[in-house]
Amino acid sequence: MIVPGSTLGLLGGGQLGRMFTMAAQRMGYRVVVLDPGLHSPAGDVADEHIRADYADPAALARLARACAAVTTEFENVPAEALGFLARHCGVSPTAESVAVAQDRIREKEFLCAAGFPVAPFVVVQDGAALASAEAVELYPGILKVSRFGYDGKGQVPVANPAHALAAWHSLGSEPCVLEKRLALATEVSVVVARDVAGQVVTFPVAENQHRHGILDISIVPARVSASLAAEACRTGIAVAEALDYRGVLCVEMFVLEDGRLVVNEIAPRPHNSGHYSLDACITSQFEQQVRVLAQLPLGDPGLHCPAVMVNLLGDLWARGEPDWRLVLEHPRAKLHLYGKREARPRRKMGHYTVLADRVESALDTALAIKARLEQTCLPARRPGPEVAAKHEGGLG
Ligand code: ADP
Ligand code: MG
């Protein structure tokens, strides 16, 4: 057991790392973050920030010397960096699990081999694959890059082989998967924590709504049948076990219109759809990540009350800092901002979570706040033609 007072390490400086760092510090750990950026959400709150590339051997050696154990906050760290660290200090998750989750082709092949239902797909290594007999069955589909896609980036809806070929070139002619576009009833996700002894717990199932391929809202508990929720949890656990996973992992799933569950993708880390756990659960997903890393007993992921989480994207900053009173005036709304210095459209800047006794009232309040925030943050209207004409006249 790595006791409080010890030092934990983190690869990556984003908001997931910031919330991990804050959870660890609250429990008395020191945290060292390795991230190449000058400023980063996690680097800014860490006890120490090593500013270097993830593949820099000297920086990795320094991190390993400083820390009793190291984890990661995003899947795109080179898996070899985790492999290198594992020779010098504790590491979770393993390089092998991250290597599977960071590459859509490997991920799909792993899921299929382990018997999990996935959307019908073909692997695309060259343009010809897009017109193969197998591929033709998948249109209309979605072409997804195998590596480095996130938040809907690196994905294009495609209608037919010719369209898909153009899309494949626009994505850099890189290895991709072509997936059939499924008719979804809804989407759910399960955050799972599994420790070194194989003890496993699941967080309550979240129901997720996306906008432009980015998570917009998570509703907890998911408004699905008890049997479907139980199946989602069993699937999450089975994925973690099949990977022999150690740490916190999220399994995103589609619910089809006929009620079948399909595994979409795996994140080898805490997940945006688990942020509600910070305010609504006995143990948050970030505390759980600390516990697994430090080999502490797992915490209870039980839900205090229903919760709805809403992401705050950079678009809301179109007219400067949003008016946070719109969130703060609700005594059961919890605001989280990630300290990012620059707001860009579709960049995740923060989130808020609304707690309530019933999920419907949490959703009503969350949506009312969202509508007001969006209304007050609309970009300043450009003057219409008649206003412009008057203005010109005045200038003359
Ligand atoms: P990312 O890595 O960007 O999260 P996902 O593969 O999870 O990529 O896709 C983002 C979102 O796009 C999904 O949550 C879902 O809403 C939609 N989507 C992705 N694949 C499909 C599909 N095969 N059928 C229907 N919707 C899909
Ligand atoms: Mg996703």
# chains A, B, ... in the order shown; residues from 1 in each chain; ligands from 1
$ residues_near_ligand --ligand "ligand 1" --cutoff "8 Å" --atoms "only C-alpha atoms and all ligand atoms" --output "VMD selection string"
chain A and resid 119 to 120 141 to 142 144 149 to 155 179 to 184 187 208 to 215 252 254 264 to 265
$ residues_around --residues "A:Val118" --least-positions-apart "2" --cutoff "9 Å" --atoms "only C-alpha atoms" --output "list in words"
Lys108, Leu111, Cys112, Phe116, Pro120, Phe121, Met253, Leu261, Val262, Val263, Asn264 and Glu265 of chain A
$ residues_around --residues "A:Gly43" --least-positions-apart "4" --cutoff "8 Å" --atoms "only C-alpha atoms" --output "PyMOL selection string"
chain A and resi 13+18+33-35+39+48-49
$ residues_around --residues "stretch 66-81 of chain A" --least-positions-apart "3" --cutoff "6 Å" --atoms "only C-alpha atoms" --output "ChimeraX atom specification"
/A:7-12,16-17,55,63,84,89-92,95,99,102,269
$ write_last_selection --atoms "N, CA, C and O atoms" --output "short mmCIF file (atom, residue, chain, number, x, y, z; two decimals), in the first residue's frame"
data_model
loop_
_atom_site.label_atom_id
_atom_site.label_comp_id
_atom_site.auth_asym_id
_atom_site.auth_seq_id
_atom_site.Cartn_x
_atom_site.Cartn_y
_atom_site.Cartn_z
N THR A 7 4.36 10.11 -3.03
CA THR A 7 4.20 10.88 -4.27
C THR A 7 3.68 9.98 -5.39
O THR A 7 4.21 8.89 -5.61
N LEU A 8 2.64 10.48 -6.07
CA LEU A 8 2.05 9.76 -7.22
C LEU A 8 2.35 10.57 -8.48
O LEU A 8 2.43 11.80 -8.44
N GLY A 9 2.49 9.85 -9.60
CA GLY A 9 2.81 10.53 -10.87
C GLY A 9 1.68 10.38 -11.86
O GLY A 9 0.87 9.45 -11.78
N LEU A 10 1.63 11.34 -12.80
CA LEU A 10 0.56 11.37 -13.77
C LEU A 10 1.12 11.77 -15.13
O LEU A 10 1.82 12.78 -15.24
N LEU A 11 0.78 10.99 -16.15
CA LEU A 11 1.10 11.39 -17.52
C LEU A 11 -0.09 12.14 -18.08
O LEU A 11 -1.20 11.59 -18.11
N GLY A 12 0.12 13.38 -18.51
CA GLY A 12 -0.96 14.16 -19.10
C GLY A 12 -1.40 15.26 -18.17
O GLY A 12 -1.44 15.09 -16.94
N LEU A 16 -8.90 15.80 -16.76
CA LEU A 16 -9.03 14.54 -16.02
C LEU A 16 -7.87 14.40 -15.04
O LEU A 16 -8.03 13.93 -13.92
N GLY A 17 -6.71 14.86 -15.48
CA GLY A 17 -5.54 14.83 -14.62
C GLY A 17 -5.67 15.82 -13.47
O GLY A 17 -5.22 15.57 -12.35
N ALA A 55 7.57 11.02 -24.40
CA ALA A 55 8.52 9.97 -24.81
C ALA A 55 9.93 10.32 -24.38
O ALA A 55 10.87 9.58 -24.68
N LEU A 63 10.49 11.18 -13.47
CA LEU A 63 9.16 10.91 -12.93
C LEU A 63 9.20 9.61 -12.10
O LEU A 63 8.66 9.56 -10.99
N PHE A 84 8.10 1.62 -20.04
CA PHE A 84 9.37 2.08 -19.48
C PHE A 84 9.21 2.34 -17.98
O PHE A 84 10.01 1.87 -17.15
N CYS A 89 8.79 1.77 -11.39
CA CYS A 89 7.83 2.07 -10.31
C CYS A 89 6.50 1.42 -10.65
O CYS A 89 6.34 0.84 -11.72
N GLY A 90 5.55 1.52 -9.74
CA GLY A 90 4.22 0.95 -10.00
C GLY A 90 3.55 1.72 -11.14
O GLY A 90 3.72 2.93 -11.26
N VAL A 91 2.79 1.02 -11.99
CA VAL A 91 2.07 1.69 -13.08
C VAL A 91 0.70 1.04 -13.23
O VAL A 91 0.58 -0.18 -13.27
N SER A 92 -0.33 1.85 -13.30
CA SER A 92 -1.64 1.33 -13.71
C SER A 92 -2.36 2.43 -14.48
O SER A 92 -2.23 3.59 -14.12
N ALA A 95 0.68 -0.84 -19.89
CA ALA A 95 0.94 -0.40 -21.26
C ALA A 95 0.07 -1.21 -22.23
O ALA A 95 -0.47 -0.66 -23.20
N ALA A 99 -2.54 0.27 -24.89
CA ALA A 99 -2.27 0.05 -26.31
C ALA A 99 -3.52 -0.43 -27.03
O ALA A 99 -3.76 -0.07 -28.19
N GLN A 102 -6.15 2.64 -27.18
CA GLN A 102 -5.78 3.85 -27.92
C GLN A 102 -5.81 3.63 -29.44
O GLN A 102 -5.56 4.56 -30.18
N ARG A 269 -9.22 5.09 -18.48
CA ARG A 269 -9.05 6.22 -17.54
C ARG A 269 -10.44 6.64 -17.08
O ARG A 269 -11.43 6.18 -17.63
#
$ select_by_dssp --residues "stretch 185-393 of chain A" --states "alpha helix (DSSP H)" --output "VMD selection string"
chain A and resid 226 to 242 277 to 280 285 to 293 325 to 328 359 to 376 385 to 393
